[in-house]
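Shown below: run-v2.csv, with CSV, C-alpha atoms.
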```csv
chain,number,residue,atom,x,y,z
K,1,MET,CA,130.3,19.5,164.3
K,2,HIS,CA,131.6,23.0,163.4
K,3,ARG,CA,128.1,24.1,162.5
K,4,ILE,CA,126.8,22.9,165.8
K,5,ARG,CA,129.6,24.5,167.8
K,6,GLU,CA,129.3,27.8,166.0
K,7,THR,CA,125.5,27.9,166.5
K,8,GLU,CA,126.0,27.3,170.2
K,9,GLU,CA,128.6,30.0,170.4
K,10,THR,CA,126.3,32.4,168.7
K,11,ILE,CA,123.5,31.4,171.0
K,12,THR,CA,125.8,32.2,174.0
K,13,ARG,CA,126.5,35.7,172.6
K,14,LEU,CA,122.8,36.3,172.0
K,15,ARG,CA,121.9,35.2,175.5
K,16,LEU,CA,124.5,37.4,177.1
K,17,SER,CA,123.2,40.3,175.1
K,18,GLU,CA,119.7,39.4,176.3
K,19,ASP,CA,118.4,39.1,172.7
K,20,ILE,CA,117.6,35.5,173.9
K,21,VAL,CA,115.9,35.2,177.2
K,22,GLY,CA,115.3,32.3,179.6
K,23,SER,CA,117.4,29.3,180.5
K,24,VAL,CA,119.7,27.8,177.8
K,25,HIS,CA,121.6,24.6,177.9
K,26,LEU,CA,124.5,24.1,175.4
K,27,CYS,CA,126.1,21.0,174.0
K,28,ASN,CA,129.6,22.2,173.4
K,29,GLY,CA,131.9,19.2,173.5
K,30,GLN,CA,129.2,16.6,172.7
K,31,GLU,CA,128.9,17.3,169.0
K,32,ALA,CA,130.3,14.0,167.8
K,33,ILE,CA,127.3,12.2,169.3
K,34,TYR,CA,124.8,14.1,167.1
K,35,ALA,CA,126.9,14.1,163.9
K,36,GLY,CA,127.7,10.4,164.2
K,37,ALA,CA,124.3,9.2,165.2
K,38,VAL,CA,122.3,10.9,162.5
K,39,ARG,CA,124.5,9.3,159.8
K,40,ALA,CA,123.1,5.9,161.0
K,41,LEU,CA,119.5,7.0,160.8
K,42,GLU,CA,117.0,7.4,158.0
K,43,LEU,CA,115.3,10.6,159.0
K,44,SER,CA,112.6,10.3,156.3
K,45,ARG,CA,111.1,7.6,158.6
K,46,ASP,CA,113.1,7.4,161.8
K,47,ALA,CA,112.4,9.6,164.8
K,48,VAL,CA,114.7,11.4,167.2
K,49,PHE,CA,113.7,12.5,170.7
K,50,PRO,CA,116.4,14.6,172.4
K,51,THR,CA,116.6,16.3,175.7
K,52,TYR,CA,116.4,20.1,176.5
K,53,ARG,CA,120.1,20.1,175.4
K,54,GLY,CA,118.8,19.6,171.9
K,55,HIS,CA,120.2,22.3,169.6
K,56,GLY,CA,122.9,20.0,168.4
K,57,TRP,CA,120.5,17.3,167.5
K,58,ALA,CA,118.4,19.7,165.5
K,59,ILE,CA,121.4,21.0,163.5
K,60,ALA,CA,122.6,17.4,162.9
K,61,CYS,CA,119.1,16.4,161.7
K,62,GLY,CA,119.4,19.2,159.1
K,63,VAL,CA,117.4,22.0,160.7
K,64,PRO,CA,119.0,25.3,159.3
K,65,PRO,CA,120.8,27.4,161.9
K,66,GLU,CA,118.6,30.3,161.1
K,67,ALA,CA,115.5,28.4,162.1
K,68,VAL,CA,117.1,27.3,165.4
K,69,LEU,CA,118.3,30.8,166.2
K,70,ALA,CA,115.0,32.4,165.2
K,71,GLU,CA,113.2,30.0,167.5
K,72,LEU,CA,115.3,30.9,170.5
K,73,LEU,CA,114.8,34.6,169.6
K,74,GLY,CA,111.0,34.2,169.6
K,75,ARG,CA,110.6,34.9,165.9
K,76,GLU,CA,107.8,33.8,163.6
K,77,SER,CA,110.5,32.2,161.4
K,78,GLY,CA,111.6,29.9,164.2
K,79,ILE,CA,111.3,26.1,163.7
K,80,SER,CA,108.3,26.1,166.0
K,81,GLY,CA,107.1,29.7,165.2
K,82,GLY,CA,108.9,31.1,168.2
K,83,ARG,CA,106.7,29.1,170.7
K,84,GLY,CA,109.2,26.5,171.8
K,85,GLY,CA,112.3,28.5,172.7
K,86,SER,CA,115.5,26.7,173.7
K,87,ALA,CA,114.0,23.6,175.5
K,88,TYR,CA,110.8,22.8,173.7
K,89,PHE,CA,111.1,23.2,170.0
K,90,THR,CA,110.3,20.4,167.6
K,91,ALA,CA,111.1,19.8,163.9
K,92,PRO,CA,109.2,16.7,162.7
K,93,ALA,CA,109.9,17.5,159.1
K,94,TYR,CA,113.5,16.8,159.8
K,95,GLY,CA,112.9,13.7,161.9
K,96,MET,CA,113.4,15.6,165.2
K,97,TYR,CA,110.3,15.1,167.3
K,98,GLY,CA,110.8,17.6,170.0
K,99,GLU,CA,112.9,18.4,173.0
K,100,ASN,CA,111.6,17.9,176.5
K,101,SER,CA,112.7,19.6,179.7
K,102,ILE,CA,111.3,16.8,181.9
K,103,VAL,CA,114.4,14.6,182.5
K,104,GLY,CA,114.1,11.3,180.6
K,105,ALA,CA,110.6,12.1,179.3
K,106,GLY,CA,111.5,11.4,175.7
K,107,ALA,CA,112.1,7.7,176.4
K,108,PRO,CA,108.4,6.7,176.8
K,109,ILE,CA,107.4,9.0,173.9
K,110,ALA,CA,109.9,7.2,171.7
K,111,CYS,CA,108.3,3.9,172.6
K,112,GLY,CA,105.1,5.3,171.3
K,113,ALA,CA,106.7,6.3,168.0
K,114,ALA,CA,108.2,2.8,167.7
K,115,LEU,CA,104.9,1.2,168.4
K,116,ALA,CA,103.2,3.4,165.8
K,117,GLY,CA,105.8,2.2,163.3
K,118,ARG,CA,104.8,-1.4,163.9
K,119,PHE,CA,101.2,-0.5,162.8
K,120,ASP,CA,101.9,1.9,160.0
K,121,GLY,CA,104.5,-0.4,158.2
K,122,SER,CA,107.1,2.3,158.1
K,123,GLY,CA,109.9,0.2,159.8
K,124,ARG,CA,110.6,3.3,161.9
K,125,VAL,CA,113.3,3.2,164.5
K,126,ALA,CA,112.9,5.6,167.4
K,127,LEU,CA,116.0,7.1,169.1
K,128,ALA,CA,115.6,8.5,172.6
K,129,SER,CA,118.7,10.5,173.8
K,130,PHE,CA,119.2,11.6,177.4
K,131,GLY,CA,121.9,12.2,180.0
K,132,GLU,CA,123.2,9.6,182.3
K,133,GLY,CA,121.4,11.3,185.2
K,134,ALA,CA,118.1,10.3,183.5
K,135,MET,CA,119.0,6.7,184.0
K,136,ASN,CA,117.7,7.0,187.5
K,137,GLN,CA,114.3,8.3,186.4
K,138,GLY,CA,111.3,6.0,186.8
K,139,ALA,CA,109.9,6.8,183.4
K,140,VAL,CA,113.2,5.7,181.7
K,141,HIS,CA,113.1,2.3,183.5
K,142,GLU,CA,109.4,1.9,182.5
K,143,ALA,CA,110.2,2.8,178.9
K,144,MET,CA,113.1,0.3,178.7
K,145,ASN,CA,111.1,-2.4,180.2
K,146,PHE,CA,108.1,-1.7,177.9
K,147,ALA,CA,110.3,-1.6,174.8
K,148,ALA,CA,112.0,-4.9,175.8
K,149,ALA,CA,108.8,-6.6,176.7
K,150,MET,CA,107.2,-5.5,173.4
K,151,THR,CA,110.4,-6.0,171.3
K,152,LEU,CA,110.1,-2.4,170.1
K,153,PRO,CA,112.7,-0.8,167.7
K,154,VAL,CA,114.0,1.8,170.2
K,155,VAL,CA,117.6,3.0,170.6
K,156,PHE,CA,118.1,4.4,174.1
K,157,LEU,CA,121.2,6.6,173.8
K,158,VAL,CA,122.8,7.9,177.0
K,159,GLU,CA,125.0,11.0,176.5
K,160,ASN,CA,127.2,10.3,179.5
K,161,ASN,CA,129.0,13.6,180.2
K,162,THR,CA,129.7,12.4,183.8
K,163,TYR,CA,127.6,15.1,185.4
K,164,SER,CA,123.9,15.0,186.4
K,165,GLU,CA,123.5,18.7,186.1
K,166,LEU,CA,126.0,19.9,188.7
K,167,THR,CA,126.6,16.6,190.5
K,168,PRO,CA,129.2,14.1,189.6
K,169,THR,CA,127.3,11.0,188.6
K,170,ARG,CA,129.7,8.7,190.3
K,171,ASP,CA,128.6,10.2,193.6
K,172,VAL,CA,124.9,9.1,193.2
K,173,VAL,CA,125.2,5.6,191.8
K,174,ARG,CA,127.1,2.5,192.9
K,175,ASN,CA,128.0,1.4,189.4
K,176,ASP,CA,128.4,4.2,186.8
K,177,GLN,CA,128.7,1.8,183.8
K,178,PHE,CA,125.1,2.4,182.7
K,179,PHE,CA,125.2,0.2,179.6
K,180,ARG,CA,125.4,-2.8,182.0
K,181,ARG,CA,121.8,-2.1,183.1
K,182,ALA,CA,120.7,-3.4,179.7
K,183,SER,CA,121.0,-7.0,180.8
K,184,ALA,CA,118.4,-6.6,183.4
K,185,TYR,CA,115.9,-5.8,180.7
K,186,GLY,CA,117.1,-8.5,178.3
K,187,MET,CA,118.5,-6.0,175.8
K,188,ALA,CA,121.9,-5.4,174.3
K,189,GLY,CA,124.1,-2.7,175.9
K,190,VAL,CA,127.2,-1.1,174.5
K,191,ARG,CA,129.5,1.7,175.8
K,192,PHE,CA,131.8,3.6,173.3
K,193,ASP,CA,133.8,6.8,172.8
K,194,GLY,CA,131.2,9.6,172.3
K,195,ASN,CA,133.9,12.0,171.1
K,196,ASP,CA,134.5,10.0,168.0
K,197,PRO,CA,131.8,10.5,165.4
K,198,ASP,CA,132.8,7.3,163.5
K,199,ALA,CA,132.5,5.2,166.7
K,200,VAL,CA,129.1,6.8,167.4
K,201,ARG,CA,127.9,6.1,163.8
K,202,ASP,CA,129.1,2.5,164.0
K,203,ALA,CA,127.4,1.8,167.3
K,204,VAL,CA,124.1,3.5,166.4
K,205,ALA,CA,124.2,1.7,163.0
K,206,ASP,CA,124.6,-1.7,164.7
K,207,ALA,CA,121.8,-0.8,167.1
K,208,VAL,CA,119.5,0.4,164.3
K,209,GLU,CA,120.1,-2.8,162.3
K,210,ARG,CA,119.3,-4.9,165.3
K,211,CYS,CA,116.0,-2.9,165.8
K,212,ARG,CA,115.0,-3.2,162.1
K,213,ASN,CA,115.7,-7.0,162.2
K,214,GLY,CA,113.2,-7.4,165.0
K,215,ALA,CA,115.6,-8.1,167.8
K,216,GLY,CA,114.2,-5.3,170.1
K,217,PRO,CA,115.7,-2.3,171.8
K,218,VAL,CA,119.3,-1.4,172.5
K,219,LEU,CA,120.9,0.7,175.2
K,220,LEU,CA,123.9,2.7,174.1
K,221,GLU,CA,126.2,4.7,176.3
K,222,ALA,CA,128.3,7.4,174.6
K,223,MET,CA,131.2,8.7,176.9
K,224,THR,CA,131.8,12.4,176.5
K,225,GLN,CA,132.3,15.7,178.4
K,226,ARG,CA,130.7,19.0,178.0
K,227,ILE,CA,133.2,21.9,177.9
K,228,VAL,CA,130.7,24.5,179.1
K,229,GLY,CA,128.5,24.8,182.1
K,230,HIS,CA,125.2,23.0,182.6
K,231,TYR,CA,123.5,26.3,181.7
K,232,ILE,CA,124.8,29.7,180.6
K,233,GLY,CA,126.0,31.3,183.7
K,234,ASP,CA,127.2,28.1,185.4
K,235,VAL,CA,130.7,28.9,186.7
K,236,GLN,CA,131.5,25.2,187.2
K,237,HIS,CA,133.0,25.4,190.7
K,238,TYR,CA,132.1,21.8,191.1
K,239,ARG,CA,134.7,20.6,188.6
K,240,PRO,CA,138.1,19.6,190.0
K,241,ALA,CA,141.2,21.4,188.8
K,242,GLY,CA,142.5,20.2,185.4
K,243,GLU,CA,139.3,18.3,184.4
K,244,LEU,CA,138.0,21.0,182.1
K,245,ASP,CA,141.5,21.4,180.4
K,246,ALA,CA,141.5,17.6,179.8
K,247,ALA,CA,138.0,17.8,178.4
K,248,ILE,CA,139.0,20.6,176.0
K,249,ALA,CA,142.0,18.6,174.8
K,250,ALA,CA,139.8,15.6,174.1
K,251,GLU,CA,136.7,17.3,172.6
K,252,PRO,CA,135.6,16.1,169.2
K,253,ILE,CA,136.4,19.0,167.0
K,254,ALA,CA,140.0,19.4,168.3
K,255,ARG,CA,140.5,15.7,167.9
K,256,ALA,CA,139.1,15.7,164.4
K,257,GLU,CA,141.4,18.5,163.4
K,258,ARG,CA,144.4,16.6,164.8
K,259,MET,CA,143.4,13.6,162.8
K,260,ALA,CA,142.9,15.7,159.7
K,261,ARG,CA,146.4,17.2,160.0
K,262,ALA,CA,147.9,13.7,160.5
K,263,ALA,CA,146.1,12.7,157.2
K,264,GLY,CA,147.7,15.6,155.4
K,265,VAL,CA,145.1,18.3,155.6
K,266,GLY,CA,146.7,21.7,155.9
K,267,ASP,CA,146.0,24.4,158.5
K,268,ALA,CA,144.8,26.8,155.8
K,269,GLU,CA,142.1,24.3,154.6
K,270,LEU,CA,141.0,23.7,158.2
K,271,ALA,CA,140.8,27.5,158.8
K,272,ALA,CA,138.8,28.0,155.6
K,273,LEU,CA,136.3,25.4,156.8
K,274,ARG,CA,135.9,27.1,160.1
K,275,GLN,CA,135.5,30.5,158.5
K,276,ARG,CA,132.9,29.2,156.1
K,277,VAL,CA,130.8,27.9,159.0
K,278,VAL,CA,131.3,31.2,161.0
K,279,ASP,CA,130.1,33.2,158.0
K,280,GLU,CA,127.1,30.9,157.5
K,281,VAL,CA,126.0,31.1,161.1
K,282,ASP,CA,126.6,34.8,161.3
K,283,ARG,CA,124.3,35.3,158.3
K,284,ALA,CA,121.7,33.1,159.9
K,285,ALA,CA,121.9,35.1,163.1
K,286,GLN,CA,121.5,38.4,161.3
K,287,ALA,CA,118.5,37.0,159.4
K,288,ALA,CA,116.9,35.7,162.6
K,289,LEU,CA,117.4,39.0,164.4
K,290,ALA,CA,115.7,40.8,161.5
K,291,ALA,CA,112.7,38.5,161.4
K,292,PRO,CA,109.4,39.6,163.0
K,293,LEU,CA,108.6,38.6,166.6
K,294,ALA,CA,106.0,35.9,167.0
K,295,ASP,CA,102.5,37.5,167.2
K,296,PRO,CA,100.9,37.1,170.6
K,297,ALA,CA,97.5,37.1,169.0
K,298,THR,CA,98.3,33.6,167.6
K,299,VAL,CA,99.1,32.1,171.0
K,300,GLU,CA,96.0,29.9,171.0
K,301,GLU,CA,96.9,28.3,167.6
K,302,HIS,CA,98.3,24.7,167.6
K,303,VAL,CA,96.9,23.8,171.0
K,304,TYR,CA,93.9,21.7,172.1
K,305,ALA,CA,91.1,23.3,174.1
```
Before anything else, please render the file you have as structure tokens.
Amino acid sequence: MHRIRETEETITRLRLSEDIVGSVHLCNGQEAIYAGAVRALELSRDAVFPTYRGHGWAIACGVPPEAVLAELLGRESGISGGRGGSAYFTAPAYGMYGENSIVGAGAPIACGAALAGRFDGSGRVALASFGEGAMNQGAVHEAMNFAAAMTLPVVFLVENNTYSELTPTRDVVRNDQFFRRASAYGMAGVRFDGNDPDAVRDAVADAVERCRNGAGPVLLEAMTQRIVGHYIGDVQHYRPAGELDAAIAAEPIARAERMARAAGVGDAELAALRQRVVDEVDRAAQAALAAPLADPATVEEHVYA
């Protein structure tokens, strides 16, 4: 979780200095979802399909911070050769099969990966992650219905940070308990604390086991809050007074450190851990900045005519 957070903080600095250009969406405050979920997957065969807020998923899947930073900086050493930027990079060698800036578009693609697993004998489970706002997208409904009808091993994981971009989700739905929608498709649905990596791991592990046993898809709803804007530059005027302070107090890293102290871990040890990650990501940033820019002459590579 520290590695994800420090990478995002570094990305913020590089975006403000305009070394990184374009729109960037951060996941600060939601790190427990990625850290917990990946522990329940077998990335040698399973497939993860995140949203455009996917840096944390990439880091959790094992993509080195340097490769993520280089990608956002448009460097050849980036995980997608500098072609994908913040919202489109992919890392299939790490089980992370690509972000998508179309809201909810990863859900039907995950169904394809799960269906392929049925034919190739891999026993693959596909995990599609998206925000709660995507639950009102037609493609997500179609994907869940298809997965249920075909009994596909898909985990639909809703990262419910209570905001659909800048709009409170409760203002646009009558019932904001999205896991209850699972029953309409004949699948299991579970809501849990998305700021607790152990709770996330346990919920995803149960869902993965159900999928591997042939019981079909599962809808999971992880409750969390982002502690940054929807995008870099979002001043968050839409958040009521006190909400952000409460979210910062409950965010997963602060909570984990409180639990560690209660278990007898000293402040010096926690500080050393944080500094180790800061140094690691700083080295990664310096290496990424020093890497050559992607060569425009190669722009036609890796595409279909």
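Residues lying within 7 Å of Met187 (chain K), counting all atoms listed in the file and ignoring same-chain neighbours fewer than 2 positions away, are Ala148, Ala182, Ser183, Tyr185, Gly189, Pro217 and Val218 of chain K.
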Correct to one decimal, the distance CA of Arg83 (chain K)-CA of Ala294 (chain K) is 7.8 Å
Kindly list the centre and edge lengths in Å, rounded to one decimal, for the axis-aligned box that covers all listed atoms of region 114-119 of chain K plus 8 Å on each of its six sides, as AutoDock Vina command-line options.
```
--center_x 104.7 --center_y 1.0 --center_z 165.6 --size_x 23.0 --size_y 20.8 --size_z 21.6
```
List as number ranges by chain: which residues have an atom within 9 Å of (111.8, 14.0, 169.6), counting all atoms listed in the file? K: 47-51, 90-92, 95-100, 106, 109-110, 126-129
Between K:Arg124, K:Arg283, K:His25, K:His230, single out the one closest to Arg45 (chain K), counting only C-alpha atoms.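 Of K:Arg124, K:Arg283, K:His25, K:His230, the one nearest Arg45 (chain K), counting only C-alpha atoms, is K:Arg124.
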Report, in Å with one decimal, the straight-line distance from CA of Gly82 (chain K) to CA of Arg39 (chain K). 28.1 Å
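Distances from K:Asp206, K:Asp196, K:Glu71, K:Glu221 to Phe179 (chain K) were compared using only C-alpha atoms, and the smallest one belongs to K:Glu221.
Straight-line separation from CA of Arg210 (chain K) to CA of Pro153 (chain K): 8.1 Å.
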Please provide as a ChimeraX atom specification all residues within 12 Å of Ala184 (chain K), with the sequence filter that same-chain residues fewer than 6 positions apart are discarded (counting all atoms listed in the file). /K:141,144-145,148-149,178,219
For the residues in that selection, give me C-alpha atoms as a PDB file, keeping the file's coordinate frame.
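out-v6.pdb, freshly written:
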```
ATOM      1  CA  HIS K 141     113.100   2.300 183.500  1.00  0.00           C
ATOM      2  CA  MET K 144     113.100   0.300 178.700  1.00  0.00           C
ATOM      3  CA  ASN K 145     111.100  -2.400 180.200  1.00  0.00           C
ATOM      4  CA  ALA K 148     112.000  -4.900 175.800  1.00  0.00           C
ATOM      5  CA  ALA K 149     108.800  -6.600 176.700  1.00  0.00           C
ATOM      6  CA  PHE K 178     125.100   2.400 182.700  1.00  0.00           C
ATOM      7  CA  LEU K 219     120.900   0.700 175.200  1.00  0.00           C
TER       8      LEU K 219
END
```
Find the residues near Leu273 (chain K): any atom within 12 Å, counting all atoms listed in the file, skip ones fewer than 5 places away on the same chain, and give them as an MDAnalysis selection string. chainID K and resid 1:3 6 257 265:268 278:280
Region 159-168 of chain K: which residues within 10 Å, counting all atoms listed in the file, same-chain residues fewer than 5 positions away excluded, as a PyMOL selection string? chain K and resi 29-30+33-34+51+129-135+173+176-178+191+194+220-227+229-231+234+236-239
With the input short on atoms, add all heavy atoms back to region 28-39 of chain K and write it as a short mmCIF file (atom, residue, chain, number, x, y, z; two decimals), keeping the file's coordinate frame.
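Saved to result26.cif:
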```
data_model
loop_
_atom_site.label_atom_id
_atom_site.label_comp_id
_atom_site.auth_asym_id
_atom_site.auth_seq_id
_atom_site.Cartn_x
_atom_site.Cartn_y
_atom_site.Cartn_z
N ASN K 28 128.23 22.10 173.78
CA ASN K 28 129.60 22.20 173.40
C ASN K 28 130.44 21.04 173.95
O ASN K 28 130.43 20.80 175.15
CB ASN K 28 130.25 23.51 173.84
CG ASN K 28 129.48 24.72 173.38
OD1 ASN K 28 128.25 24.73 173.40
ND2 ASN K 28 130.19 25.76 172.98
N GLY K 29 131.14 20.32 173.08
CA GLY K 29 131.90 19.20 173.50
C GLY K 29 131.26 17.84 173.22
O GLY K 29 131.90 16.79 173.30
N GLN K 30 129.99 17.86 172.90
CA GLN K 30 129.20 16.60 172.70
C GLN K 30 128.78 16.48 171.22
O GLN K 30 127.96 15.62 170.89
CB GLN K 30 128.02 16.58 173.62
CG GLN K 30 128.42 16.65 175.08
CD GLN K 30 127.26 16.59 176.06
OE1 GLN K 30 127.36 17.06 177.17
NE2 GLN K 30 126.15 16.02 175.66
N GLU K 31 129.35 17.28 170.34
CA GLU K 31 128.90 17.30 169.00
C GLU K 31 129.03 16.04 168.18
O GLU K 31 128.25 15.75 167.27
CB GLU K 31 129.63 18.45 168.19
CG GLU K 31 129.38 19.85 168.70
CD GLU K 31 130.34 20.30 169.78
OE1 GLU K 31 131.11 19.46 170.29
OE2 GLU K 31 130.32 21.51 170.12
N ALA K 32 130.03 15.23 168.53
CA ALA K 32 130.30 14.00 167.80
C ALA K 32 129.09 13.02 167.93
O ALA K 32 128.82 12.22 167.03
CB ALA K 32 131.54 13.32 168.28
N ILE K 33 128.39 13.09 169.05
CA ILE K 33 127.30 12.20 169.30
C ILE K 33 126.18 12.45 168.22
O ILE K 33 125.65 11.53 167.59
CB ILE K 33 126.70 12.35 170.69
CG1 ILE K 33 127.75 11.91 171.72
CG2 ILE K 33 125.41 11.56 170.86
CD1 ILE K 33 127.35 12.17 173.16
N TYR K 34 125.88 13.72 168.01
CA TYR K 34 124.80 14.10 167.10
C TYR K 34 125.23 13.84 165.63
O TYR K 34 124.48 13.25 164.84
CB TYR K 34 124.40 15.53 167.29
CG TYR K 34 124.41 15.93 168.75
CD1 TYR K 34 125.16 17.00 169.21
CD2 TYR K 34 123.71 15.18 169.69
CE1 TYR K 34 125.20 17.33 170.56
CE2 TYR K 34 123.74 15.49 171.04
CZ TYR K 34 124.49 16.58 171.46
OH TYR K 34 124.54 16.88 172.80
N ALA K 35 126.43 14.29 165.31
CA ALA K 35 126.90 14.10 163.90
C ALA K 35 127.04 12.67 163.55
O ALA K 35 126.72 12.28 162.43
CB ALA K 35 128.28 14.84 163.78
N GLY K 36 127.50 11.84 164.49
CA GLY K 36 127.70 10.40 164.20
C GLY K 36 126.36 9.67 164.16
O GLY K 36 126.11 8.86 163.26
N ALA K 37 125.50 9.93 165.14
CA ALA K 37 124.30 9.20 165.20
C ALA K 37 123.35 9.39 164.04
O ALA K 37 122.75 8.44 163.50
CB ALA K 37 123.51 9.54 166.53
N VAL K 38 123.24 10.64 163.61
CA VAL K 38 122.30 10.90 162.50
C VAL K 38 122.73 10.25 161.22
O VAL K 38 121.88 9.89 160.40
CB VAL K 38 122.23 12.48 162.34
CG1 VAL K 38 121.58 12.85 161.02
CG2 VAL K 38 121.43 13.08 163.50
N ARG K 39 124.03 10.01 161.05
CA ARG K 39 124.50 9.30 159.80
C ARG K 39 124.03 7.87 159.80
O ARG K 39 124.06 7.25 158.73
CB ARG K 39 126.02 9.38 159.75
CG ARG K 39 126.56 10.77 159.47
CD ARG K 39 128.05 10.75 159.25
NE ARG K 39 128.42 10.00 158.06
CZ ARG K 39 129.66 9.66 157.74
NH1 ARG K 39 130.66 9.98 158.54
NH2 ARG K 39 129.91 8.99 156.64
#
```
